[in-house]
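One file, model-v7.json, carrying JSON, C-alpha atoms:
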```
[["chain", "number", "residue", "atom", "x", "y", "z"],
["A", 1, "MET", "CA", 16.14, -12.00, 3.59],
["A", 2, "ASN", "CA", 14.03, -9.50, 1.65],
["A", 3, "ARG", "CA", 15.26, -5.93, 1.95],
["A", 4, "ILE", "CA", 12.58, -3.25, 2.32],
["A", 5, "THR", "CA", 13.47, 0.42, 1.83],
["A", 6, "ILE", "CA", 11.03, 3.27, 2.29],
["A", 7, "LEU", "CA", 12.00, 5.58, -0.59],
["A", 8, "LYS", "CA", 9.67, 8.35, 0.56],
["A", 9, "ASP", "CA", 7.25, 8.65, 3.48],
["A", 10, "GLY", "CA", 3.80, 9.77, 2.42],
["A", 11, "TYR", "CA", 1.61, 12.46, 3.94],
["A", 12, "SER", "CA", -1.92, 13.83, 3.74],
["A", 13, "GLN", "CA", -3.65, 16.82, 5.25],
["A", 14, "ILE", "CA", -6.74, 18.90, 4.66],
["A", 15, "ILE", "CA", -6.06, 22.52, 3.72],
["A", 16, "GLU", "CA", -8.31, 24.67, 5.86],
["A", 17, "ASN", "CA", -10.26, 27.61, 4.38],
["A", 18, "ASP", "CA", -8.83, 27.22, 0.90],
["A", 19, "PRO", "CA", -10.61, 29.56, -1.56],
["A", 20, "ARG", "CA", -10.71, 26.71, -4.09],
["A", 21, "GLY", "CA", -12.96, 24.67, -1.81],
["A", 22, "ASP", "CA", -12.20, 21.38, -0.08],
["A", 23, "VAL", "CA", -8.56, 20.49, -0.81],
["A", 24, "MET", "CA", -6.41, 17.64, 0.49],
["A", 25, "LYS", "CA", -2.63, 17.89, 0.09],
["A", 26, "ALA", "CA", -1.22, 14.37, -0.25],
["A", 27, "ASN", "CA", 1.38, 12.08, -1.70],
["A", 28, "CYS", "CA", 1.81, 8.38, -1.02],
["A", 29, "THR", "CA", 4.47, 6.35, 0.72],
["A", 30, "CYS", "CA", 6.76, 4.74, -1.88],
["A", 31, "THR", "CA", 8.52, 1.47, -1.08],
["A", 32, "LEU", "CA", 11.23, -0.67, -2.67],
["A", 33, "ILE", "CA", 11.47, -4.41, -2.04],
["A", 34, "GLN", "CA", 14.73, -6.09, -3.01],
["A", 35, "CYS", "CA", 13.88, -9.77, -2.92],
["A", 36, "GLU", "CA", 16.25, -12.41, -1.71],
["A", 37, "THR", "CA", 15.59, -14.21, -5.02],
["A", 38, "GLY", "CA", 16.77, -11.20, -7.05],
["A", 39, "GLU", "CA", 13.55, -9.44, -8.04],
["A", 40, "ASN", "CA", 13.14, -5.71, -7.41],
["A", 41, "ILE", "CA", 9.68, -4.34, -6.68],
["A", 42, "ILE", "CA", 8.37, -0.77, -6.48],
["A", 43, "VAL", "CA", 5.15, -0.32, -4.53],
["A", 44, "ASP", "CA", 3.26, 2.96, -5.20],
["A", 45, "SER", "CA", 5.30, 5.22, -7.45],
["A", 46, "LEU", "CA", 4.28, 8.68, -6.13],
["A", 47, "ASP", "CA", 2.55, 11.37, -8.17],
["A", 48, "ALA", "CA", 3.70, 12.48, -11.62],
["A", 49, "TRP", "CA", 5.41, 15.58, -10.21],
["A", 50, "SER", "CA", 7.73, 13.47, -8.02],
["A", 51, "ALA", "CA", 9.73, 11.63, -10.68],
["A", 52, "SER", "CA", 13.01, 13.33, -9.75],
["A", 53, "THR", "CA", 12.44, 12.49, -6.08],
["A", 54, "LEU", "CA", 11.87, 8.83, -6.88],
["A", 55, "LEU", "CA", 14.84, 8.57, -9.24],
["A", 56, "ALA", "CA", 17.13, 10.19, -6.67],
["A", 57, "ALA", "CA", 15.95, 7.78, -3.96],
["A", 58, "LEU", "CA", 16.59, 4.79, -6.23],
["A", 59, "LYS", "CA", 20.05, 6.11, -7.08],
["A", 60, "GLU", "CA", 20.90, 6.18, -3.37],
["A", 61, "VAL", "CA", 20.36, 2.41, -3.21],
["A", 62, "ASN", "CA", 22.08, 1.77, -6.57],
["A", 63, "ILE", "CA", 18.94, 0.67, -8.40],
["A", 64, "GLU", "CA", 18.19, 1.81, -11.97],
["A", 65, "PRO", "CA", 14.58, 1.96, -13.25],
["A", 66, "ASP", "CA", 15.25, -0.83, -15.77],
["A", 67, "GLN", "CA", 16.20, -3.13, -12.87],
["A", 68, "ILE", "CA", 12.64, -3.04, -11.47],
["A", 69, "ASN", "CA", 10.82, -6.32, -12.19],
["A", 70, "PHE", "CA", 7.41, -5.47, -10.71],
["A", 71, "CYS", "CA", 5.74, -2.09, -10.35],
["A", 72, "ILE", "CA", 2.75, -2.39, -8.03],
["A", 73, "SER", "CA", 0.13, 0.30, -7.44],
["A", 74, "THR", "CA", -2.09, -0.58, -4.51],
["A", 75, "HIS", "CA", -4.94, 1.29, -6.21],
["A", 76, "CYS", "CA", -5.63, 3.62, -9.11],
["A", 77, "HIS", "CA", -5.39, 7.05, -7.48],
["A", 78, "PRO", "CA", -2.87, 9.40, -9.17],
["A", 79, "ASP", "CA", -0.36, 9.63, -6.32],
["A", 80, "HIS", "CA", 0.07, 5.85, -6.31],
["A", 81, "LEU", "CA", 0.86, 5.36, -10.01],
["A", 82, "GLY", "CA", 2.23, 8.68, -11.28],
["A", 83, "ASN", "CA", 5.64, 7.32, -12.26],
["A", 84, "ASN", "CA", 4.81, 3.80, -13.41],
["A", 85, "ASN", "CA", 6.07, 4.75, -16.87],
["A", 86, "LEU", "CA", 9.62, 4.92, -15.50],
["A", 87, "PHE", "CA", 9.61, 1.12, -15.14],
["A", 88, "LEU", "CA", 9.18, -0.19, -18.67],
["A", 89, "ASN", "CA", 10.92, -3.51, -18.06],
["A", 90, "ALA", "CA", 8.56, -4.32, -15.20],
["A", 91, "ARG", "CA", 5.31, -6.21, -15.04],
["A", 92, "HIS", "CA", 2.74, -3.77, -13.66],
["A", 93, "ILE", "CA", 0.08, -4.60, -11.10],
["A", 94, "VAL", "CA", -2.40, -1.73, -10.77],
["A", 95, "GLY", "CA", -5.08, -2.60, -8.29],
["A", 96, "GLN", "CA", -6.26, -6.03, -9.36],
["A", 97, "THR", "CA", -5.01, -5.79, -12.96],
["A", 98, "ILE", "CA", -1.70, -7.30, -14.12],
["A", 99, "SER", "CA", -0.10, -6.18, -17.38],
["A", 100, "GLN", "CA", 3.14, -5.75, -19.28],
["A", 101, "ARG", "CA", 3.12, -3.63, -22.41],
["A", 102, "ASP", "CA", -0.09, -4.60, -24.27],
["A", 103, "GLU", "CA", -0.48, -7.99, -22.59],
["A", 104, "TYR", "CA", -2.88, -8.51, -19.69],
["A", 105, "PHE", "CA", -2.52, -11.49, -17.37],
["A", 106, "MET", "CA", -5.66, -13.00, -15.93],
["A", 107, "HIS", "CA", -5.67, -13.48, -12.18],
["A", 108, "ASP", "CA", -8.65, -13.56, -9.82],
["A", 109, "PHE", "CA", -7.43, -11.79, -6.69],
["A", 110, "SER", "CA", -10.73, -12.53, -4.95],
["A", 111, "LYS", "CA", -9.89, -16.24, -5.01],
["A", 112, "GLU", "CA", -6.19, -16.23, -4.18],
["A", 113, "PRO", "CA", -3.23, -13.87, -3.77],
["A", 114, "PHE", "CA", -0.78, -13.38, -6.63],
["A", 115, "ALA", "CA", 2.67, -14.76, -5.81],
["A", 116, "VAL", "CA", 5.55, -12.55, -6.94],
["A", 117, "THR", "CA", 7.96, -14.85, -5.07],
["A", 118, "SER", "CA", 7.45, -17.47, -2.38],
["A", 119, "ASP", "CA", 7.82, -14.69, 0.21],
["A", 120, "VAL", "CA", 6.02, -11.81, -1.53],
["A", 121, "HIS", "CA", 2.30, -11.96, -2.29],
["A", 122, "VAL", "CA", -0.24, -9.44, -3.54],
["A", 123, "LEU", "CA", -3.72, -9.87, -2.08],
["A", 124, "ALA", "CA", -7.07, -8.15, -2.47],
["A", 125, "THR", "CA", -7.86, -5.70, 0.34],
["A", 126, "LYS", "CA", -11.09, -4.05, -0.75],
["A", 127, "GLY", "CA", -12.12, -0.94, 1.13],
["A", 128, "HIS", "CA", -10.57, 2.39, 0.15],
["A", 129, "THR", "CA", -11.46, 1.33, -3.40],
["A", 130, "ASN", "CA", -13.14, -1.87, -4.50],
["A", 131, "THR", "CA", -9.99, -3.06, -6.32],
["A", 132, "CYS", "CA", -7.33, -2.23, -3.71],
["A", 133, "VAL", "CA", -4.47, -4.65, -3.09],
["A", 134, "SER", "CA", -1.79, -4.97, -0.43],
["A", 135, "VAL", "CA", 1.69, -6.50, -0.63],
["A", 136, "ILE", "CA", 2.72, -9.01, 2.03],
["A", 137, "CYS", "CA", 6.47, -9.52, 2.37],
["A", 138, "LYS", "CA", 7.62, -12.33, 4.66],
["A", 139, "ASN", "CA", 11.19, -12.97, 5.82],
["A", 140, "SER", "CA", 12.08, -9.26, 5.82],
["A", 141, "ILE", "CA", 15.29, -7.66, 7.04],
["A", 142, "PHE", "CA", 13.36, -6.59, 10.12],
["A", 143, "ASP", "CA", 14.33, -9.68, 12.13],
["A", 144, "GLY", "CA", 12.67, -11.93, 9.57],
["A", 145, "LYS", "CA", 9.27, -10.42, 10.36],
["A", 146, "THR", "CA", 6.37, -9.89, 7.94],
["A", 147, "VAL", "CA", 5.79, -6.43, 6.46],
["A", 148, "ALA", "CA", 2.50, -5.40, 4.83],
["A", 149, "ILE", "CA", 2.55, -2.53, 2.33],
["A", 150, "VAL", "CA", -1.08, -1.56, 2.19],
["A", 151, "GLY", "CA", -1.72, 1.70, 0.36],
["A", 152, "ASP", "CA", -4.71, 3.54, 1.79],
["A", 153, "LEU", "CA", -6.15, 0.59, 3.68],
["A", 154, "PHE", "CA", -4.37, 2.41, 6.53],
["A", 155, "GLU", "CA", -3.86, 6.14, 6.07],
["A", 156, "ASN", "CA", -1.24, 6.29, 8.82],
["A", 157, "GLU", "CA", -0.59, 4.85, 12.28],
["A", 158, "LYS", "CA", -2.86, 7.40, 13.96],
["A", 159, "ASP", "CA", -5.95, 6.13, 12.15],
["A", 160, "ILE", "CA", -6.08, 3.08, 14.43],
["A", 161, "ASP", "CA", -6.98, 5.29, 17.38],
["A", 162, "ASP", "CA", -8.93, 7.72, 15.20],
["A", 163, "PRO", "CA", -10.82, 5.86, 12.42],
["A", 164, "SER", "CA", -12.24, 9.17, 11.15],
["A", 165, "ILE", "CA", -8.84, 9.71, 9.49],
["A", 166, "TRP", "CA", -9.22, 6.83, 7.04],
["A", 167, "ARG", "CA", -12.96, 7.34, 6.60],
["A", 168, "GLU", "CA", -12.53, 10.99, 5.69],
["A", 169, "ALA", "CA", -9.83, 10.00, 3.18],
["A", 170, "GLY", "CA", -12.53, 8.03, 1.36],
["A", 171, "SER", "CA", -13.80, 4.47, 1.50],
["A", 172, "GLU", "CA", -15.87, 2.68, -1.10],
["A", 173, "SER", "CA", -16.70, -0.05, 1.41],
["A", 174, "ILE", "CA", -16.35, 0.80, 5.10],
["A", 175, "GLU", "CA", -17.21, -2.70, 6.32],
["A", 176, "ASP", "CA", -14.77, -4.41, 3.94],
["A", 177, "GLN", "CA", -12.07, -1.94, 4.86],
["A", 178, "MET", "CA", -12.54, -2.64, 8.56],
["A", 179, "LYS", "CA", -12.40, -6.39, 7.95],
["A", 180, "ASN", "CA", -9.26, -6.12, 5.83],
["A", 181, "ARG", "CA", -7.56, -3.79, 8.29],
["A", 182, "LEU", "CA", -7.95, -6.49, 10.94],
["A", 183, "ILE", "CA", -6.80, -9.23, 8.56],
["A", 184, "ILE", "CA", -3.67, -7.31, 7.61],
["A", 185, "ALA", "CA", -2.86, -6.46, 11.23],
["A", 186, "THR", "CA", -3.23, -10.15, 12.11],
["A", 187, "LEU", "CA", -0.97, -11.28, 9.25],
["A", 188, "SER", "CA", 1.79, -8.73, 9.69],
["A", 189, "ASP", "CA", 4.34, -7.47, 12.19],
["A", 190, "TYR", "CA", 4.89, -4.12, 10.49],
["A", 191, "ILE", "CA", 2.62, -2.01, 8.27],
["A", 192, "VAL", "CA", 3.61, 0.54, 5.63],
["A", 193, "PRO", "CA", 0.51, 2.76, 5.31],
["A", 194, "GLY", "CA", -0.53, 4.84, 2.32],
["A", 195, "HIS", "CA", 0.31, 8.26, 3.76],
["A", 196, "GLY", "CA", 2.67, 7.85, 6.68],
["A", 197, "SER", "CA", 5.70, 6.10, 8.11],
["A", 198, "MET", "CA", 6.04, 2.37, 8.68],
["A", 199, "PHE", "CA", 4.92, 1.25, 12.12],
["A", 200, "LYS", "CA", 5.09, -1.87, 14.25],
["A", 201, "VAL", "CA", 1.82, -3.72, 14.89],
["A", 202, "THR", "CA", 1.14, -4.34, 18.57],
["A", 203, "PRO", "CA", -1.39, -6.66, 20.24],
["A", 204, "GLU", "CA", -3.20, -3.55, 21.49],
["A", 205, "MET", "CA", -3.63, -2.34, 17.91],
["A", 206, "ARG", "CA", -5.09, -5.67, 16.85],
["A", 207, "ASP", "CA", -7.51, -5.56, 19.78],
["A", 208, "LYS", "CA", -8.65, -2.04, 18.84],
["A", 209, "LEU", "CA", -9.26, -3.05, 15.22],
["A", 210, "GLU", "CA", -11.21, -6.11, 16.31],
["A", 211, "ASN", "CA", -13.35, -4.06, 18.70],
["A", 212, "GLN", "CA", -14.01, -1.44, 16.05],
["A", 213, "LEU", "CA", -15.28, -4.12, 13.71],
["A", 214, "LYS", "CA", -17.44, -5.68, 16.42],
["A", 215, "THR", "CA", -19.06, -2.34, 17.24],
["A", 216, "LEU", "CA", -19.52, -1.26, 13.64],
["A", 217, "ASP", "CA", -22.50, 1.07, 13.28],
["A", 218, "ARG", "CA", -24.55, -0.45, 10.47],
["A", 219, "ASN", "CA", -26.27, 2.86, 9.90],
["A", 220, "ILE", "CA", -22.99, 4.37, 8.72],
["A", 221, "ILE", "CA", -22.65, 1.71, 6.03],
["A", 222, "GLY", "CA", -26.25, 1.98, 4.90]]
```

Take the structure in this file and express it as structure tokens.
Amino acid sequence: MNRITILKDGYSQIIENDPRGDVMKANCTCTLIQCETGENIIVDSLDAWSASTLLAALKEVNIEPDQINFCISTHCHPDHLGNNNLFLNARHIVGQTISQRDEYFMHDFSKEPFAVTSDVHVLATKGHTNTCVSVICKNSIFDGKTVAIVGDLFENEKDIDDPSIWREAGSESIEDQMKNRLIIATLSDYIVPGHGSMFKVTPEMRDKLENQLKTLDRNIIG
């Protein structure tokens, strides 16, 4: 089975009445996948000020940075790629771009997911940004269930009941984000959101996401 370890739970909150203006305090959820086939994958490497936190978390599971084979950033915001330079042996996937050193590997995520292994795929989930991706990991240590690591497609578990949470965090395409939220919830048993703890997907959650999409206010998009 594929072992999934949450190295650090993310968070986000608006700082009220800050003299500097509108300020959000945030860092992402960082995840390690240890594949049954031997590959090690980091998903979302925290901000650049969290290198020591990430290295300490890896040390706890006996993984060195040079043992990481893929470093995946679900999108290009600073808290999701701040420590990618720790993983110089890895192939990097940043949004929908794949590279290693000065070589770039062509892949059209809009046509098909990118297969890291037979169980781990990276697919386009446009919404928060237009080039966002999510990682789908089948056959996980959680009873063989499927885990989706989705960046800011989901801000946290609470944003299913309160969609204003993910909208206020920013969305370049509200309609696409709503569609992809439902797709991911349908594909997966557990979700690792961009700024919160992993949660189990329930039928009630899927129903809420479907109803939200059905009742989408077109005026908000326009």

Taking all atoms listed in the file into account, name the residue in A:Leu187, A:Cys76, A:Ile160, A:Leu7 that is nearest to A:Ser50.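 Checking each candidate against A:Ser50, we get A:Leu7 as the closest.
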
Just want the 12 Å neighbourhood of A:Met205, counted on all atoms listed in the file, with same-chain residues fewer than 6 positions away dropped. Output as an MDAnalysis selection string. chainID A and resid 157:162 181:182 184:186 188:191 199 211:212

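With only C-alpha atoms as the atoms that count, the minimum distance from A:Thr29 to the choices A:Thr74, A:Asn2, A:Gln177, A:Ser52 is reached by A:Thr74.
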
Would you give me, as a tab-separated table, each residue of stretch 65-157 of chain A having an atom within 10 Å of an atom of stretch 22-28 of chain A, along with its shortest atom pair and that distance in Å to one decimal, using all atoms listed in the file and sorting by chain and residue number?
```
residue	atom	partner	partner_atom	distance
A:His77	CA	A:Cys28	CA	9.8
A:Pro78	CA	A:Asn27	CA	9.0
A:Asp79	CA	A:Asn27	CA	5.5
A:His80	CA	A:Cys28	CA	6.1
A:Leu81	CA	A:Cys28	CA	9.5
A:Gly151	CA	A:Cys28	CA	7.7
A:Asp152	CA	A:Cys28	CA	8.6
A:Glu155	CA	A:Cys28	CA	9.4
```

Figure out the distance between atom CA of A:Phe70 and atom CA of A:Ile6, please, to one decimal in Å. 16.1 Å

Pick from A:Val133, A:Ala48, A:Ile15, A:Cys71 nearest to A:Glu112, counting only C-alpha atoms: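 Ranking A:Val133, A:Ala48, A:Ile15, A:Cys71 by distance to A:Glu112, first place goes to A:Val133.
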
Give me, as a PDB file with C-alpha atoms, in the coordinates of the input, all polymer residues having an atom no more than 7 Å from A:Gly127, counting all atoms listed in the file and skipping those fewer than 5 positions away in the same chain.
```
ATOM      1  CA  CYS A 132      -7.330  -2.230  -3.710  1.00  0.00           C
ATOM      2  CA  LEU A 153      -6.150   0.590   3.680  1.00  0.00           C
ATOM      3  CA  SER A 171     -13.800   4.470   1.500  1.00  0.00           C
ATOM      4  CA  GLU A 172     -15.870   2.680  -1.100  1.00  0.00           C
ATOM      5  CA  SER A 173     -16.700  -0.050   1.410  1.00  0.00           C
ATOM      6  CA  ILE A 174     -16.350   0.800   5.100  1.00  0.00           C
ATOM      7  CA  ASP A 176     -14.770  -4.410   3.940  1.00  0.00           C
ATOM      8  CA  GLN A 177     -12.070  -1.940   4.860  1.00  0.00           C
TER       9      GLN A 177
END
```

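Distance-wise, atom CA of A:Arg3 and atom CA of A:Ile141 end up 5.4 Å apart.
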
Given all atoms listed in the file as the counted atoms, nearest of A:Asn69, A:Ser45, A:Asn40, A:Ser134 to A:Gly82: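 Nearest to A:Gly82: A:Ser45.
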
Assuming the input is short of atoms at stretch 50-61 of chain A, produce all heavy atoms for that part as a CSV table (one decimal), keeping the file's coordinate frame.
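Saved the output as rebuild-v3.csv:
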```csv
chain,number,residue,atom,x,y,z
A,50,SER,N,6.7,13.9,-9.0
A,50,SER,CA,7.7,13.5,-8.0
A,50,SER,C,8.7,12.5,-8.7
A,50,SER,O,9.4,11.8,-8.0
A,50,SER,CB,7.1,12.8,-6.8
A,50,SER,OG,6.2,13.7,-6.1
A,51,ALA,N,8.8,12.6,-10.0
A,51,ALA,CA,9.7,11.6,-10.7
A,51,ALA,C,11.2,11.8,-10.2
A,51,ALA,O,11.9,10.9,-10.0
A,51,ALA,CB,9.6,11.8,-12.2
A,52,SER,N,11.6,13.1,-10.1
A,52,SER,CA,13.0,13.3,-9.8
A,52,SER,C,13.3,12.8,-8.3
A,52,SER,O,14.4,12.3,-8.0
A,52,SER,CB,13.3,14.8,-9.9
A,52,SER,OG,12.5,15.6,-9.0
A,53,THR,N,12.3,13.0,-7.5
A,53,THR,CA,12.4,12.5,-6.1
A,53,THR,C,12.6,11.0,-6.1
A,53,THR,O,13.5,10.4,-5.4
A,53,THR,CB,11.2,12.9,-5.2
A,53,THR,OG1,11.1,14.3,-5.2
A,53,THR,CG2,11.3,12.3,-3.8
A,54,LEU,N,11.8,10.3,-6.8
A,54,LEU,CA,11.9,8.8,-6.9
A,54,LEU,C,13.2,8.4,-7.5
A,54,LEU,O,13.8,7.4,-7.0
A,54,LEU,CB,10.7,8.3,-7.7
A,54,LEU,CG,10.6,6.8,-7.9
A,54,LEU,CD1,10.8,6.0,-6.6
A,54,LEU,CD2,9.3,6.4,-8.6
A,55,LEU,N,13.6,9.0,-8.6
A,55,LEU,CA,14.8,8.6,-9.2
A,55,LEU,C,16.0,8.8,-8.3
A,55,LEU,O,17.0,8.0,-8.3
A,55,LEU,CB,15.0,9.3,-10.6
A,55,LEU,CG,14.0,8.9,-11.7
A,55,LEU,CD1,14.2,9.9,-12.8
A,55,LEU,CD2,14.3,7.5,-12.1
A,56,ALA,N,16.0,9.9,-7.6
A,56,ALA,CA,17.1,10.2,-6.7
A,56,ALA,C,17.2,9.2,-5.5
A,56,ALA,O,18.3,8.7,-5.1
A,56,ALA,CB,17.0,11.6,-6.1
A,57,ALA,N,16.0,8.8,-5.0
A,57,ALA,CA,16.0,7.8,-4.0
A,57,ALA,C,16.4,6.4,-4.4
A,57,ALA,O,17.1,5.7,-3.7
A,57,ALA,CB,14.5,7.7,-3.4
A,58,LEU,N,16.1,6.1,-5.7
A,58,LEU,CA,16.6,4.8,-6.2
A,58,LEU,C,18.1,4.8,-6.4
A,58,LEU,O,18.8,3.8,-6.2
A,58,LEU,CB,15.9,4.5,-7.6
A,58,LEU,CG,14.4,4.0,-7.5
A,58,LEU,CD1,13.8,4.0,-8.8
A,58,LEU,CD2,14.4,2.6,-6.8
A,59,LYS,N,18.6,6.0,-6.9
A,59,LYS,CA,20.0,6.1,-7.1
A,59,LYS,C,20.8,5.9,-5.8
A,59,LYS,O,21.9,5.3,-5.8
A,59,LYS,CB,20.4,7.5,-7.7
A,59,LYS,CG,21.8,7.7,-8.1
A,59,LYS,CD,22.0,9.0,-8.8
A,59,LYS,CE,23.5,9.1,-9.3
A,59,LYS,NZ,23.7,10.4,-10.0
A,60,GLU,N,20.2,6.3,-4.7
A,60,GLU,CA,20.9,6.2,-3.4
A,60,GLU,C,21.1,4.7,-3.0
A,60,GLU,O,22.0,4.4,-2.2
A,60,GLU,CB,20.1,6.9,-2.3
A,60,GLU,CG,20.2,8.4,-2.4
A,60,GLU,CD,19.6,9.1,-1.2
A,60,GLU,OE1,19.2,8.4,-0.2
A,60,GLU,OE2,19.4,10.3,-1.2
A,61,VAL,N,20.2,3.8,-3.5
A,61,VAL,CA,20.4,2.4,-3.2
A,61,VAL,C,20.9,1.6,-4.4
A,61,VAL,O,20.8,0.4,-4.5
A,61,VAL,CB,19.0,1.8,-2.7
A,61,VAL,CG1,18.7,2.4,-1.3
A,61,VAL,CG2,17.9,2.1,-3.7
```
